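Student: Please find final-v1.cif (mmCIF, C-alpha atoms) on the next line:
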```
data_upload
#
loop_
_atom_site.group_PDB
_atom_site.id
_atom_site.type_symbol
_atom_site.label_atom_id
_atom_site.label_comp_id
_atom_site.auth_asym_id
_atom_site.auth_seq_id
_atom_site.Cartn_x
_atom_site.Cartn_y
_atom_site.Cartn_z
ATOM 1 C CA MET A 46 0.917 -39.616 35.588
ATOM 2 C CA SER A 47 2.095 -36.248 37.000
ATOM 3 C CA SER A 48 -0.552 -33.791 38.017
ATOM 4 C CA SER A 49 -0.873 -30.583 36.016
ATOM 5 C CA THR A 50 0.702 -27.333 37.115
ATOM 6 C CA THR A 51 -1.389 -24.189 37.078
ATOM 7 C CA LEU A 52 -0.031 -20.648 36.750
ATOM 8 C CA ARG A 53 -2.243 -17.584 37.086
ATOM 9 C CA ARG A 54 -0.938 -14.096 36.335
ATOM 10 C CA ARG A 55 -2.579 -10.929 37.664
ATOM 11 C CA LEU A 56 -1.640 -7.330 36.839
ATOM 12 C CA HIS A 57 -1.450 -4.652 39.512
ATOM 13 C CA HIS A 58 -3.770 -1.743 38.747
ATOM 14 C CA GLY A 59 -0.884 0.660 38.961
ATOM 15 C CA ASP A 60 1.025 -1.045 36.124
ATOM 16 C CA VAL A 61 1.220 0.554 32.707
ATOM 17 C CA ASP A 62 4.037 -1.375 31.098
ATOM 18 C CA GLY A 63 3.248 -4.724 32.685
ATOM 19 C CA SER A 64 6.531 -4.733 34.595
ATOM 20 C CA ARG A 65 5.010 -5.750 37.951
ATOM 21 C CA ARG A 66 2.911 -8.862 38.341
ATOM 22 C CA GLU A 67 1.527 -11.003 41.099
ATOM 23 C CA HIS A 68 2.111 -14.713 40.584
ATOM 24 C CA TYR A 69 0.028 -17.461 42.044
ATOM 25 C CA GLU A 70 1.372 -20.969 41.565
ATOM 26 C CA THR A 71 -0.120 -24.277 42.544
ATOM 27 C CA SER A 72 1.632 -27.517 41.792
ATOM 28 C CA GLY A 73 0.999 -31.129 42.581
ATOM 29 C CA LEU A 74 3.421 -33.921 43.509
ATOM 30 C CA ASP A 75 4.325 -36.556 40.987
ATOM 31 C CA ALA A 76 2.485 -39.832 41.548
ATOM 32 C CA LEU A 77 4.755 -42.598 42.857
ATOM 33 C CA SER A 78 5.254 -45.697 40.728
ATOM 34 C CA GLU A 79 4.651 -49.013 42.426
ATOM 35 C CA PRO A 80 7.300 -51.773 41.953
ATOM 36 C CA LEU A 81 6.389 -54.809 39.874
ATOM 37 C CA LEU A 82 5.471 -57.886 41.873
ATOM 38 C CA VAL A 83 7.493 -60.938 40.798
ATOM 39 C CA ASP A 84 6.730 -64.582 41.695
ATOM 40 C CA ASP A 85 10.004 -66.569 42.078
ATOM 41 C CA HIS A 86 8.425 -69.951 42.997
ATOM 42 C CA ARG A 87 9.759 -72.333 40.350
ATOM 43 C CA ASP A 88 7.723 -75.317 41.443
ATOM 44 C CA SER A 89 4.350 -73.880 40.436
ATOM 45 C CA ASP A 90 2.246 -75.947 38.166
ATOM 46 C CA ASP A 91 2.974 -75.033 34.510
ATOM 47 C CA LYS A 92 -0.626 -75.369 33.466
ATOM 48 C CA TYR A 93 -1.683 -73.159 36.335
ATOM 49 C CA VAL A 94 0.834 -70.503 35.282
ATOM 50 C CA GLU A 95 -0.101 -70.802 31.612
ATOM 51 C CA LYS A 96 -3.789 -70.506 32.387
ATOM 52 C CA TYR A 97 -3.385 -67.299 34.350
ATOM 53 C CA ALA A 98 -0.835 -65.892 31.941
ATOM 54 C CA LEU A 99 -3.329 -66.335 29.098
ATOM 55 C CA GLN A 100 -6.066 -64.890 31.295
ATOM 56 C CA GLY A 101 -3.855 -61.873 31.993
ATOM 57 C CA LEU A 102 -3.208 -61.317 28.305
ATOM 58 C CA TRP A 103 -6.892 -61.582 27.573
ATOM 59 C CA ASP A 104 -7.683 -59.088 30.341
ATOM 60 C CA ASP A 105 -5.051 -56.704 28.924
ATOM 61 C CA GLU A 106 -6.532 -56.887 25.437
ATOM 62 C CA ARG A 107 -10.052 -56.430 26.755
ATOM 63 C CA THR A 108 -8.897 -53.415 28.780
ATOM 64 C CA LYS A 109 -7.269 -51.890 25.682
ATOM 65 C CA VAL A 110 -10.473 -52.350 23.702
ATOM 66 C CA GLN A 111 -12.534 -50.769 26.464
ATOM 67 C CA LEU A 112 -10.154 -47.834 26.723
ATOM 68 C CA HIS A 113 -10.208 -47.390 22.946
ATOM 69 C CA TRP A 114 -13.984 -47.261 22.751
ATOM 70 C CA THR A 115 -14.196 -45.049 25.818
ATOM 71 C CA PHE A 116 -11.860 -42.591 24.071
ATOM 72 C CA VAL A 117 -13.864 -42.768 20.824
ATOM 73 C CA PHE A 118 -17.170 -42.114 22.573
ATOM 74 C CA SER A 119 -15.723 -39.250 24.640
ATOM 75 C CA GLN A 120 -14.446 -37.636 21.443
ATOM 76 C CA LEU A 121 -17.857 -38.019 19.798
ATOM 77 C CA ILE A 122 -19.605 -36.539 22.820
ATOM 78 C CA ALA A 123 -17.206 -33.568 22.844
ATOM 79 C CA GLN A 124 -17.719 -32.962 19.133
ATOM 80 C CA TRP A 125 -21.496 -33.132 19.445
ATOM 81 C CA ALA A 126 -21.433 -30.790 22.419
ATOM 82 C CA GLN A 127 -19.449 -28.211 20.473
ATOM 83 C CA TRP A 128 -21.677 -28.663 17.422
ATOM 84 C CA LEU A 129 -24.806 -28.052 19.499
ATOM 85 C CA ALA A 130 -23.228 -25.059 21.219
ATOM 86 C CA ASN A 131 -22.314 -23.547 17.876
ATOM 87 C CA ILE A 132 -25.867 -24.004 16.610
ATOM 88 C CA VAL A 133 -27.221 -22.218 19.678
ATOM 89 C CA ILE A 134 -24.949 -19.206 19.245
ATOM 90 C CA GLY A 135 -25.425 -19.204 15.476
ATOM 91 C CA SER A 136 -21.833 -18.656 14.418
ATOM 92 C CA GLY A 137 -21.114 -19.065 10.721
ATOM 93 C CA SER A 138 -22.314 -21.692 8.276
ATOM 94 C CA LEU A 139 -23.236 -25.232 9.338
ATOM 95 C CA LEU A 140 -20.038 -26.644 7.866
ATOM 96 C CA GLY A 141 -18.002 -23.982 9.629
ATOM 97 C CA ARG A 142 -19.766 -24.686 12.920
ATOM 98 C CA VAL A 143 -19.004 -28.420 12.748
ATOM 99 C CA PHE A 144 -15.337 -28.111 11.871
ATOM 100 C CA SER A 145 -14.388 -24.747 13.377
ATOM 101 C CA THR A 146 -11.697 -24.529 16.031
ATOM 102 C CA HIS A 147 -11.580 -22.034 18.846
ATOM 103 C CA LEU A 148 -8.061 -22.547 20.169
ATOM 104 C CA THR A 149 -5.189 -20.346 19.033
ATOM 105 C CA PRO A 150 -5.165 -19.472 15.313
ATOM 106 C CA GLN A 151 -2.332 -18.121 13.228
ATOM 107 C CA ASP A 152 -2.856 -14.547 14.438
ATOM 108 C CA GLY A 153 -1.820 -15.674 17.933
ATOM 109 C CA GLN A 154 -4.967 -14.453 19.659
ATOM 110 C CA LYS A 155 -6.759 -16.566 22.227
ATOM 111 C CA ARG A 156 -10.064 -17.697 20.747
ATOM 112 C CA LEU A 157 -13.363 -18.448 22.418
ATOM 113 C CA LEU A 158 -16.736 -19.572 21.184
ATOM 114 C CA ALA A 159 -18.501 -16.437 19.975
ATOM 115 C CA PRO A 160 -20.911 -15.514 22.778
ATOM 116 C CA SER A 161 -24.634 -15.026 22.465
ATOM 117 C CA LEU A 162 -25.412 -11.313 22.500
ATOM 118 C CA SER A 163 -28.231 -9.340 24.000
ATOM 119 C CA PRO A 164 -30.354 -7.272 21.592
ATOM 120 C CA LEU A 165 -28.599 -4.138 22.901
ATOM 121 C CA GLN A 166 -25.153 -5.625 22.240
ATOM 122 C CA GLU A 167 -26.222 -6.758 18.761
ATOM 123 C CA GLU A 168 -27.444 -3.265 17.914
ATOM 124 C CA ARG A 169 -24.345 -1.506 19.215
ATOM 125 C CA LEU A 170 -21.970 -3.979 17.572
ATOM 126 C CA LYS A 171 -23.661 -3.527 14.191
ATOM 127 C CA LYS A 172 -23.452 0.260 14.486
ATOM 128 C CA LEU A 173 -19.768 0.080 15.366
ATOM 129 C CA GLN A 174 -18.989 -2.336 12.538
ATOM 130 C CA ALA A 175 -20.876 -0.076 10.127
ATOM 131 C CA ARG A 176 -18.700 2.847 11.229
ATOM 132 C CA LEU A 177 -15.574 0.760 10.645
ATOM 133 C CA LYS A 178 -16.567 0.104 7.047
ATOM 134 C CA VAL A 179 -16.773 3.785 6.065
ATOM 135 C CA PRO A 180 -13.610 4.934 4.238
ATOM 136 C CA PHE A 181 -12.456 8.503 4.471
ATOM 137 C CA ASP A 182 -13.576 10.421 1.385
ATOM 138 C CA GLY A 183 -12.128 13.896 0.951
ATOM 139 C CA THR A 184 -14.789 14.743 -1.615
ATOM 140 C CA GLN A 185 -17.627 14.408 0.928
ATOM 141 C CA VAL A 186 -18.652 17.580 2.736
ATOM 142 C CA GLU A 187 -19.225 15.687 6.011
ATOM 143 C CA HIS A 188 -15.664 14.385 5.962
ATOM 144 C CA GLN A 189 -14.209 17.773 5.031
ATOM 145 C CA ASP A 190 -16.138 19.406 7.874
ATOM 146 C CA ALA A 191 -14.896 16.768 10.329
ATOM 147 C CA LEU A 192 -11.299 17.494 9.348
ATOM 148 C CA LYS A 193 -11.912 21.233 9.892
ATOM 149 C CA GLN A 194 -13.468 20.474 13.268
ATOM 150 C CA LEU A 195 -10.365 18.546 14.277
ATOM 151 C CA TRP A 196 -8.190 21.533 13.355
ATOM 152 C CA ARG A 197 -10.362 23.903 15.409
ATOM 153 C CA LEU A 198 -10.081 21.592 18.422
ATOM 154 C CA ALA A 199 -6.316 21.230 18.008
ATOM 155 C CA TYR A 200 -5.596 24.905 17.272
ATOM 156 C CA PRO A 201 -8.582 26.979 18.459
ATOM 157 C CA ASN A 202 -6.879 30.318 17.840
ATOM 158 C CA ARG A 203 -5.599 29.591 14.358
ATOM 159 C CA GLU A 204 -7.218 29.883 10.959
ATOM 160 C CA ILE A 205 -8.225 26.638 9.260
ATOM 161 C CA PRO A 206 -5.873 25.872 6.341
ATOM 162 C CA PRO A 207 -7.155 24.817 2.890
ATOM 163 C CA PRO A 208 -7.656 21.086 2.202
ATOM 164 C CA LYS A 209 -4.108 20.865 0.838
ATOM 165 C CA SER A 210 -1.530 22.792 2.805
ATOM 166 C CA GLU A 211 1.856 22.308 4.421
ATOM 167 C CA LEU A 212 0.250 23.423 7.689
ATOM 168 C CA TRP A 213 -1.449 20.024 8.094
ATOM 169 C CA LYS A 214 1.969 18.512 8.736
ATOM 170 C CA GLU A 215 2.108 20.394 12.040
ATOM 171 C CA MET A 216 -0.699 18.163 13.319
ATOM 172 C CA GLY A 217 1.205 15.054 12.316
ATOM 173 C CA TRP A 218 -0.088 14.272 8.840
ATOM 174 C CA GLN A 219 2.647 13.019 6.537
ATOM 175 C CA GLY A 220 1.819 15.242 3.571
ATOM 176 C CA GLN A 221 -0.019 18.413 2.715
ATOM 177 C CA ASP A 222 -3.211 16.429 2.021
ATOM 178 C CA PRO A 223 -4.460 14.567 5.148
ATOM 179 C CA SER A 224 -6.908 12.467 3.102
ATOM 180 C CA THR A 225 -4.002 10.348 1.820
ATOM 181 C CA ASP A 226 -3.084 9.204 5.347
ATOM 182 C CA PHE A 227 -6.298 7.482 6.422
ATOM 183 C CA ARG A 228 -5.987 4.279 4.395
ATOM 184 C CA GLY A 229 -7.028 1.333 6.597
ATOM 185 C CA GLY A 230 -8.112 3.627 9.443
ATOM 186 C CA GLY A 231 -11.142 4.977 7.615
ATOM 187 C CA PHE A 232 -13.452 7.771 8.699
ATOM 188 C CA ILE A 233 -13.753 6.331 12.203
ATOM 189 C CA SER A 234 -10.114 7.187 12.905
ATOM 190 C CA LEU A 235 -10.939 10.873 12.310
ATOM 191 C CA GLN A 236 -13.992 10.533 14.562
ATOM 192 C CA ASN A 237 -11.775 8.961 17.220
ATOM 193 C CA LEU A 238 -9.373 11.924 17.122
ATOM 194 C CA ILE A 239 -12.282 14.382 17.426
ATOM 195 C CA TYR A 240 -13.748 12.421 20.347
ATOM 196 C CA PHE A 241 -10.361 12.405 22.073
ATOM 197 C CA ALA A 242 -10.007 16.185 21.645
ATOM 198 C CA GLU A 243 -13.537 16.865 22.931
ATOM 199 C CA LYS A 244 -13.679 14.497 25.912
ATOM 200 C CA TYR A 245 -10.075 14.597 27.118
ATOM 201 C CA PRO A 246 -8.785 17.973 25.846
ATOM 202 C CA GLU A 247 -5.886 18.199 28.282
ATOM 203 C CA SER A 248 -4.500 14.784 27.314
ATOM 204 C CA PHE A 249 -5.135 15.505 23.638
ATOM 205 C CA GLN A 250 -3.216 18.789 23.724
ATOM 206 C CA CYS A 251 -0.426 17.252 25.771
ATOM 207 C CA LEU A 252 0.116 14.445 23.250
ATOM 208 C CA LEU A 253 -0.325 16.741 20.236
ATOM 209 C CA HIS A 254 2.372 19.102 21.472
ATOM 210 C CA LYS A 255 4.520 16.334 23.060
ATOM 211 C CA GLN A 256 4.575 18.055 26.449
ATOM 212 C CA ASP A 257 5.212 15.036 28.687
ATOM 213 C CA GLY A 258 8.625 13.554 29.427
ATOM 214 C CA LYS A 259 11.890 13.676 27.567
ATOM 215 C CA ARG A 260 11.030 13.478 23.892
ATOM 216 C CA ALA A 261 12.996 11.966 21.020
ATOM 217 C CA GLU A 262 14.571 14.123 18.353
ATOM 218 C CA TRP A 263 12.484 12.257 15.769
ATOM 219 C CA GLU A 264 8.997 11.953 17.280
ATOM 220 C CA TYR A 265 6.014 9.966 16.042
ATOM 221 C CA PRO A 266 3.551 12.032 13.952
ATOM 222 C CA PHE A 267 0.522 12.632 16.151
ATOM 223 C CA ALA A 268 -2.330 12.376 13.630
ATOM 224 C CA VAL A 269 -0.933 9.398 11.721
ATOM 225 C CA ALA A 270 -0.294 7.619 15.022
ATOM 226 C CA GLY A 271 -3.970 8.141 15.836
ATOM 227 C CA VAL A 272 -5.025 6.505 12.565
ATOM 228 C CA ASN A 273 -2.788 3.525 13.324
ATOM 229 C CA ILE A 274 -4.273 3.135 16.804
ATOM 230 C CA SER A 275 -7.811 2.962 15.375
ATOM 231 C CA PHE A 276 -6.724 0.244 12.972
ATOM 232 C CA MET A 277 -4.876 -1.661 15.705
ATOM 233 C CA LEU A 278 -7.921 -1.623 17.988
ATOM 234 C CA ALA A 279 -10.249 -2.937 15.281
ATOM 235 C CA GLN A 280 -7.886 -5.852 14.690
ATOM 236 C CA MET A 281 -7.246 -6.566 18.378
ATOM 237 C CA LEU A 282 -10.957 -6.601 19.210
ATOM 238 C CA ASP A 283 -11.741 -8.836 16.236
ATOM 239 C CA LEU A 284 -14.371 -6.371 14.986
ATOM 240 C CA GLN A 285 -13.903 -7.142 11.313
ATOM 241 C CA THR A 286 -15.643 -10.512 11.700
ATOM 242 C CA GLY A 287 -19.315 -11.195 12.294
ATOM 243 C CA LYS A 288 -18.940 -11.776 16.028
ATOM 244 C CA PRO A 289 -15.677 -11.259 17.905
ATOM 245 C CA SER A 290 -14.217 -14.515 19.225
ATOM 246 C CA SER A 291 -10.826 -13.323 20.475
ATOM 247 C CA LEU A 292 -10.583 -13.046 24.239
ATOM 248 C CA SER A 293 -10.121 -9.275 24.025
ATOM 249 C CA GLY A 294 -13.038 -8.994 21.604
ATOM 250 C CA VAL A 295 -15.384 -10.966 23.833
ATOM 251 C CA ARG A 296 -14.413 -8.854 26.851
ATOM 252 C CA PHE A 297 -14.958 -5.719 24.781
ATOM 253 C CA LEU A 298 -18.533 -6.804 24.021
ATOM 254 C CA GLU A 299 -19.174 -6.698 27.771
ATOM 255 C CA LEU A 300 -17.880 -3.118 27.857
ATOM 256 C CA LEU A 301 -20.020 -2.241 24.851
ATOM 257 C CA ALA A 302 -23.107 -3.428 26.728
ATOM 258 C CA GLU A 303 -22.329 -0.846 29.422
ATOM 259 C CA ASP A 304 -21.334 2.040 27.144
ATOM 260 C CA GLU A 305 -22.120 2.652 23.480
ATOM 261 C CA MET A 306 -18.952 4.764 23.155
ATOM 262 C CA ALA A 307 -16.690 2.067 24.618
ATOM 263 C CA PHE A 308 -14.599 1.848 21.425
ATOM 264 C CA ASP A 309 -13.955 5.603 21.370
ATOM 265 C CA ASP A 310 -13.059 5.686 25.068
ATOM 266 C CA LEU A 311 -10.799 2.663 24.640
ATOM 267 C CA TYR A 312 -9.122 4.523 21.762
ATOM 268 C CA CYS A 313 -8.281 7.410 24.105
ATOM 269 C CA VAL A 314 -6.852 4.996 26.670
ATOM 270 C CA ALA A 315 -4.795 3.268 23.969
ATOM 271 C CA PHE A 316 -3.388 6.570 22.655
ATOM 272 C CA GLN A 317 -2.358 7.695 26.135
ATOM 273 C CA MET A 318 -0.914 4.261 26.879
ATOM 274 C CA MET A 319 1.048 4.293 23.622
ATOM 275 C CA ASP A 320 2.674 7.607 24.545
ATOM 276 C CA ALA A 321 3.564 6.246 27.996
ATOM 277 C CA GLN A 322 5.166 3.210 26.343
ATOM 278 C CA TRP A 323 6.993 5.517 23.933
ATOM 279 C CA LEU A 324 8.535 7.483 26.791
ATOM 280 C CA ALA A 325 9.324 4.378 28.857
ATOM 281 C CA LYS A 326 11.197 2.825 25.929
ATOM 282 C CA ARG A 327 12.828 6.122 24.937
ATOM 283 C CA ALA A 328 11.707 5.292 21.446
ATOM 284 C CA SER A 329 12.282 7.114 18.203
ATOM 285 C CA TYR A 330 10.344 7.285 14.928
ATOM 286 C CA MET A 331 11.622 3.990 13.482
ATOM 287 C CA GLU A 332 10.496 2.111 16.607
ATOM 288 C CA PHE A 333 6.854 3.179 16.405
ATOM 289 C CA ASN A 334 5.596 -0.237 15.261
ATOM 290 C CA ASP A 335 7.315 -1.966 18.193
ATOM 291 C CA VAL A 336 5.767 0.519 20.610
ATOM 292 C CA LEU A 337 2.340 -0.065 19.050
ATOM 293 C CA LYS A 338 2.739 -3.836 19.491
ATOM 294 C CA SER A 339 3.677 -3.490 23.153
ATOM 295 C CA THR A 340 0.718 -1.132 23.611
ATOM 296 C CA ARG A 341 -1.588 -3.763 22.183
ATOM 297 C CA THR A 342 -0.128 -6.440 24.466
ATOM 298 C CA GLN A 343 -0.582 -4.236 27.540
ATOM 299 C CA LEU A 344 -4.135 -3.348 26.559
ATOM 300 C CA GLU A 345 -5.013 -7.019 26.077
ATOM 301 C CA ARG A 346 -3.686 -7.765 29.559
ATOM 302 C CA GLU A 347 -5.799 -5.060 31.121
ATOM 303 C CA LEU A 348 -8.932 -6.183 29.283
ATOM 304 C CA GLU A 349 -8.450 -9.670 30.733
ATOM 305 C CA LEU A 350 -8.545 -8.431 34.330
ATOM 306 C CA GLU A 351 -11.512 -9.952 36.153
ATOM 307 C CA ASP A 352 -12.734 -6.758 37.800
ATOM 308 C CA VAL A 353 -12.989 -4.708 34.590
ATOM 309 C CA SER A 354 -16.616 -4.031 33.698
ATOM 310 C CA GLY A 355 -16.109 -0.703 31.926
ATOM 311 C CA VAL A 356 -13.364 1.269 30.210
ATOM 312 C CA LYS A 357 -12.985 3.414 33.327
ATOM 313 C CA ASP A 358 -11.981 0.292 35.276
ATOM 314 C CA LEU A 359 -8.846 -0.182 33.156
ATOM 315 C CA PRO A 360 -5.686 0.755 35.079
ATOM 316 C CA ALA A 361 -4.418 2.874 32.179
ATOM 317 C CA TYR A 362 -7.609 4.964 32.185
ATOM 318 C CA ASN A 363 -6.117 6.838 35.133
ATOM 319 C CA LEU A 364 -3.510 8.282 32.782
ATOM 320 C CA LEU A 365 -6.136 10.349 30.958
ATOM 321 C CA ARG A 366 -6.661 13.999 31.868
ATOM 322 C CA ARG A 367 -9.640 16.160 31.048
#
```
If you convert what's in this file into structure tokens, what do you get?
Tutor:
Amino acid sequence: MSSSTTLRRRLHHGDVDGSRREHYETSGLDALSEPLLVDDHRDSDDKYVEKYALQGLWDDERTKVQLHWTFVFSQLIAQWAQWLANIVIGSGSLLGRVFSTHLTPQDGQKRLLAPSLSPLQEERLKKLQARLKVPFDGTQVEHQDALKQLWRLAYPNREIPPPKSELWKEMGWQGQDPSTDFRGGGFISLQNLIYFAEKYPESFQCLLHKQDGKRAEWEYPFAVAGVNISFMLAQMLDLQTGKPSSLSGVRFLELLAEDEMAFDDLYCVAFQMMDAQWLAKRASYMEFNDVLKSTRTQLERELELEDVSGVKDLPAYNLLRR
């Protein structure tokens, strides 16, 4: 049997597009096969040969039976161990706990057993998931006021337009009524944009006005891109389930324990990273989805780094400007 080969990949902290990597490789040598020993003495006693031939067959069969039952019992032990672990962490129904798998599902994400959470993590996760469930409602005063606040932050010296106006397109909404662009992003995507504008105003203004790099003739719409990033993050972090079990989601829970606003800060990092990917790829409007996918991949890589204990430890956080 050949020994397994292990490959470990580690990103440099200066990487944004994942182009540079350190590789560590350890490999074992294949085990040598021993030659078969053959007895060529023809004058051996037939009964003696027959006796030991039968004994050999019997030993082979007994070995097969032992190996079979060893395999069966090891499988049972593994299944019971996982069943007990699932009971301890309380994930899903009993039937789901017994038969659930935590390998790689159809969405392609690496899955782990959902971790046990501290009371603080439980509280913050529930608050975040509650925010994610709130749709944008243009008839609510709170939502209307939030949209006006975003305009004031984006254009502090300009008058706020009415709820339906062609002026909203300047911010990157697709139509004259921004409320039609939220869809899956919900109210949290508007909150994310406001947070970005308040905490990192220089980066916000730079991306809004497309000030960095050589821009495409047909640029991505700023506000709608922001809504898409909120939706992408919620999916990547597995926040639409009871407890995140994707590798990125589990790592995010560690960040959430350190900072209640980890999702909002991660949003700002993701937006800045997306623009860097956009420039690096020299992308145009029709390539936005591809850029968003590569942004997600890069963000997942950075979240998996061992020395990341907060959003500020992510390499791409250094791209943000206040």
Student: What is the CA of Leu238 (chain A)-CA of Arg296 (chain A) distance in Å, reported with one decimal?
Tutor: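 Between CA of Leu238 (chain A) and CA of Arg296 (chain A) the gap works out to 23.5 Å.
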Student: Quick check on the file I pasted: which residues fall under the PyMOL selection byres ((chain A and resi 194) around 12)? Write them as a VMD selection string.
Tutor: chain A and resid 187 to 193 195 to 201 204 to 206 235 to 236 238 to 240 242 to 243
Student: The PyMOL selection byres ((chain A and resi 310) around 12) - which residues does that actually catch in the file I just gave you? List them as a PyMOL selection string.
Tutor: chain A and resi 236-245+275+278+297+300-301+304-309+311-317+355-359+361-362+365
Student: List every protein, DNA or RNA residue that has an atom no more than 10 Å from (-18.9, -9.7, 25.5) in the file's coordinate frame, counting only C-alpha atoms, and report them as a VMD selection string.
Tutor: chain A and resid 159 to 163 166 288 to 290 292 to 302
Student: One number please: CA of Ile233 (chain A) to CA of Gln219 (chain A), in Å, one decimal.
Tutor: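 Interatomic distance, CA of Ile233 (chain A) to CA of Gln219 (chain A): 18.6 Å.
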Student: Hey, can you check how far CA of Ser224 (chain A) sits from CA of Asp257 (chain A)?
Tutor: 28.4 Å
Student: Go through the shown structure with the PyMOL selection byres ((chain A and resi 333) around 12) and write out the matching residues as a short mmCIF file (atom, residue, chain, number, x, y, z; two decimals) with C-alpha atoms, in the frame of the given file.
Tutor:
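That gives us selection39.cif:
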```
data_model
loop_
_atom_site.label_atom_id
_atom_site.label_comp_id
_atom_site.auth_asym_id
_atom_site.auth_seq_id
_atom_site.Cartn_x
_atom_site.Cartn_y
_atom_site.Cartn_z
CA ALA A 261 13.00 11.97 21.02
CA TRP A 263 12.48 12.26 15.77
CA GLU A 264 9.00 11.95 17.28
CA TYR A 265 6.01 9.97 16.04
CA PRO A 266 3.55 12.03 13.95
CA PHE A 267 0.52 12.63 16.15
CA VAL A 269 -0.93 9.40 11.72
CA ALA A 270 -0.29 7.62 15.02
CA GLY A 271 -3.97 8.14 15.84
CA ASN A 273 -2.79 3.52 13.32
CA ILE A 274 -4.27 3.14 16.80
CA MET A 319 1.05 4.29 23.62
CA ASP A 320 2.67 7.61 24.54
CA GLN A 322 5.17 3.21 26.34
CA TRP A 323 6.99 5.52 23.93
CA LEU A 324 8.54 7.48 26.79
CA LYS A 326 11.20 2.82 25.93
CA ARG A 327 12.83 6.12 24.94
CA ALA A 328 11.71 5.29 21.45
CA SER A 329 12.28 7.11 18.20
CA TYR A 330 10.34 7.28 14.93
CA MET A 331 11.62 3.99 13.48
CA GLU A 332 10.50 2.11 16.61
CA ASN A 334 5.60 -0.24 15.26
CA ASP A 335 7.32 -1.97 18.19
CA VAL A 336 5.77 0.52 20.61
CA LEU A 337 2.34 -0.06 19.05
CA LYS A 338 2.74 -3.84 19.49
CA SER A 339 3.68 -3.49 23.15
CA THR A 340 0.72 -1.13 23.61
#
```
Student: My list of candidates is A:Gln256, A:Gln280, A:Thr184, A:Thr342. Which is closest to Met318 (chain A) when distances are computed with only C-alpha atoms?
Tutor: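 Among the listed residues, A:Thr342 lies closest to Met318 (chain A).
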Student: The residues within 8 Å of (-2.8, 17.4, 5.1), using all atoms listed in the file and the coordinates of the file, should be reported as a list in words; which are they?
Tutor: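 Residues close enough to count: Pro208, Lys209, Ser210, Glu211, Leu212, Trp213, Lys214, Trp218, Gln219, Gly220, Gln221, Asp222, Pro223, Ser224 and Thr225 of chain A.
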Student: Once 4 Å is added on each side, what centre and edge lengths in Å to one decimal does the axis-aligned box around all listed atoms of region 281-288 of chain A have, as lines of an AutoDock Vina configuration file?
Tutor:
```
center_x = -13.3
center_y = -9.1
center_z = 15.3
size_x = 20.1
size_y = 13.4
size_z = 15.9
```
Student: Could you please fill out region 358-367 of chain A with N, CA, C and O atoms and send it back as a PDB file, keeping the file's coordinate frame?
Tutor:
```pdb
ATOM      1  N   ASP A 358     -12.600   1.220  34.322  1.00  0.00           N
ATOM      2  CA  ASP A 358     -11.981   0.292  35.276  1.00  0.00           C
ATOM      3  C   ASP A 358     -10.579  -0.125  34.848  1.00  0.00           C
ATOM      4  O   ASP A 358      -9.862  -0.755  35.639  1.00  0.00           O
ATOM      5  N   LEU A 359     -10.183   0.175  33.623  1.00  0.00           N
ATOM      6  CA  LEU A 359      -8.846  -0.182  33.156  1.00  0.00           C
ATOM      7  C   LEU A 359      -7.802   0.632  33.916  1.00  0.00           C
ATOM      8  O   LEU A 359      -7.966   1.847  34.087  1.00  0.00           O
ATOM      9  N   PRO A 360      -6.727   0.005  34.368  1.00  0.00           N
ATOM     10  CA  PRO A 360      -5.686   0.755  35.079  1.00  0.00           C
ATOM     11  C   PRO A 360      -5.167   1.959  34.294  1.00  0.00           C
ATOM     12  O   PRO A 360      -4.940   3.027  34.870  1.00  0.00           O
ATOM     13  N   ALA A 361      -4.991   1.797  32.985  1.00  0.00           N
ATOM     14  CA  ALA A 361      -4.418   2.874  32.179  1.00  0.00           C
ATOM     15  C   ALA A 361      -5.380   4.039  31.986  1.00  0.00           C
ATOM     16  O   ALA A 361      -4.967   5.121  31.546  1.00  0.00           O
ATOM     17  N   TYR A 362      -6.666   3.853  32.312  1.00  0.00           N
ATOM     18  CA  TYR A 362      -7.609   4.964  32.185  1.00  0.00           C
ATOM     19  C   TYR A 362      -7.208   6.125  33.085  1.00  0.00           C
ATOM     20  O   TYR A 362      -7.493   7.300  32.776  1.00  0.00           O
ATOM     21  N   ASN A 363      -6.537   5.798  34.187  1.00  0.00           N
ATOM     22  CA  ASN A 363      -6.117   6.838  35.133  1.00  0.00           C
ATOM     23  C   ASN A 363      -5.075   7.782  34.555  1.00  0.00           C
ATOM     24  O   ASN A 363      -4.790   8.830  35.154  1.00  0.00           O
ATOM     25  N   LEU A 364      -4.497   7.415  33.418  1.00  0.00           N
ATOM     26  CA  LEU A 364      -3.510   8.282  32.782  1.00  0.00           C
ATOM     27  C   LEU A 364      -4.172   9.463  32.074  1.00  0.00           C
ATOM     28  O   LEU A 364      -3.527  10.500  31.836  1.00  0.00           O
ATOM     29  N   LEU A 365      -5.454   9.319  31.726  1.00  0.00           N
ATOM     30  CA  LEU A 365      -6.136  10.349  30.958  1.00  0.00           C
ATOM     31  C   LEU A 365      -6.454  11.562  31.822  1.00  0.00           C
ATOM     32  O   LEU A 365      -6.788  11.451  33.001  1.00  0.00           O
ATOM     33  N   ARG A 366      -6.347  12.730  31.186  1.00  0.00           N
ATOM     34  CA  ARG A 366      -6.661  13.999  31.868  1.00  0.00           C
ATOM     35  C   ARG A 366      -7.669  14.774  31.034  1.00  0.00           C
ATOM     36  O   ARG A 366      -7.570  14.850  29.823  1.00  0.00           O
ATOM     37  N   ARG A 367      -8.619  15.365  31.731  1.00  0.00           N
ATOM     38  CA  ARG A 367      -9.640  16.160  31.048  1.00  0.00           C
ATOM     39  C   ARG A 367      -9.244  17.633  30.984  1.00  0.00           C
ATOM     40  O   ARG A 367      -9.838  18.404  30.289  1.00  0.00           O
TER      41      ARG A 367
END
```
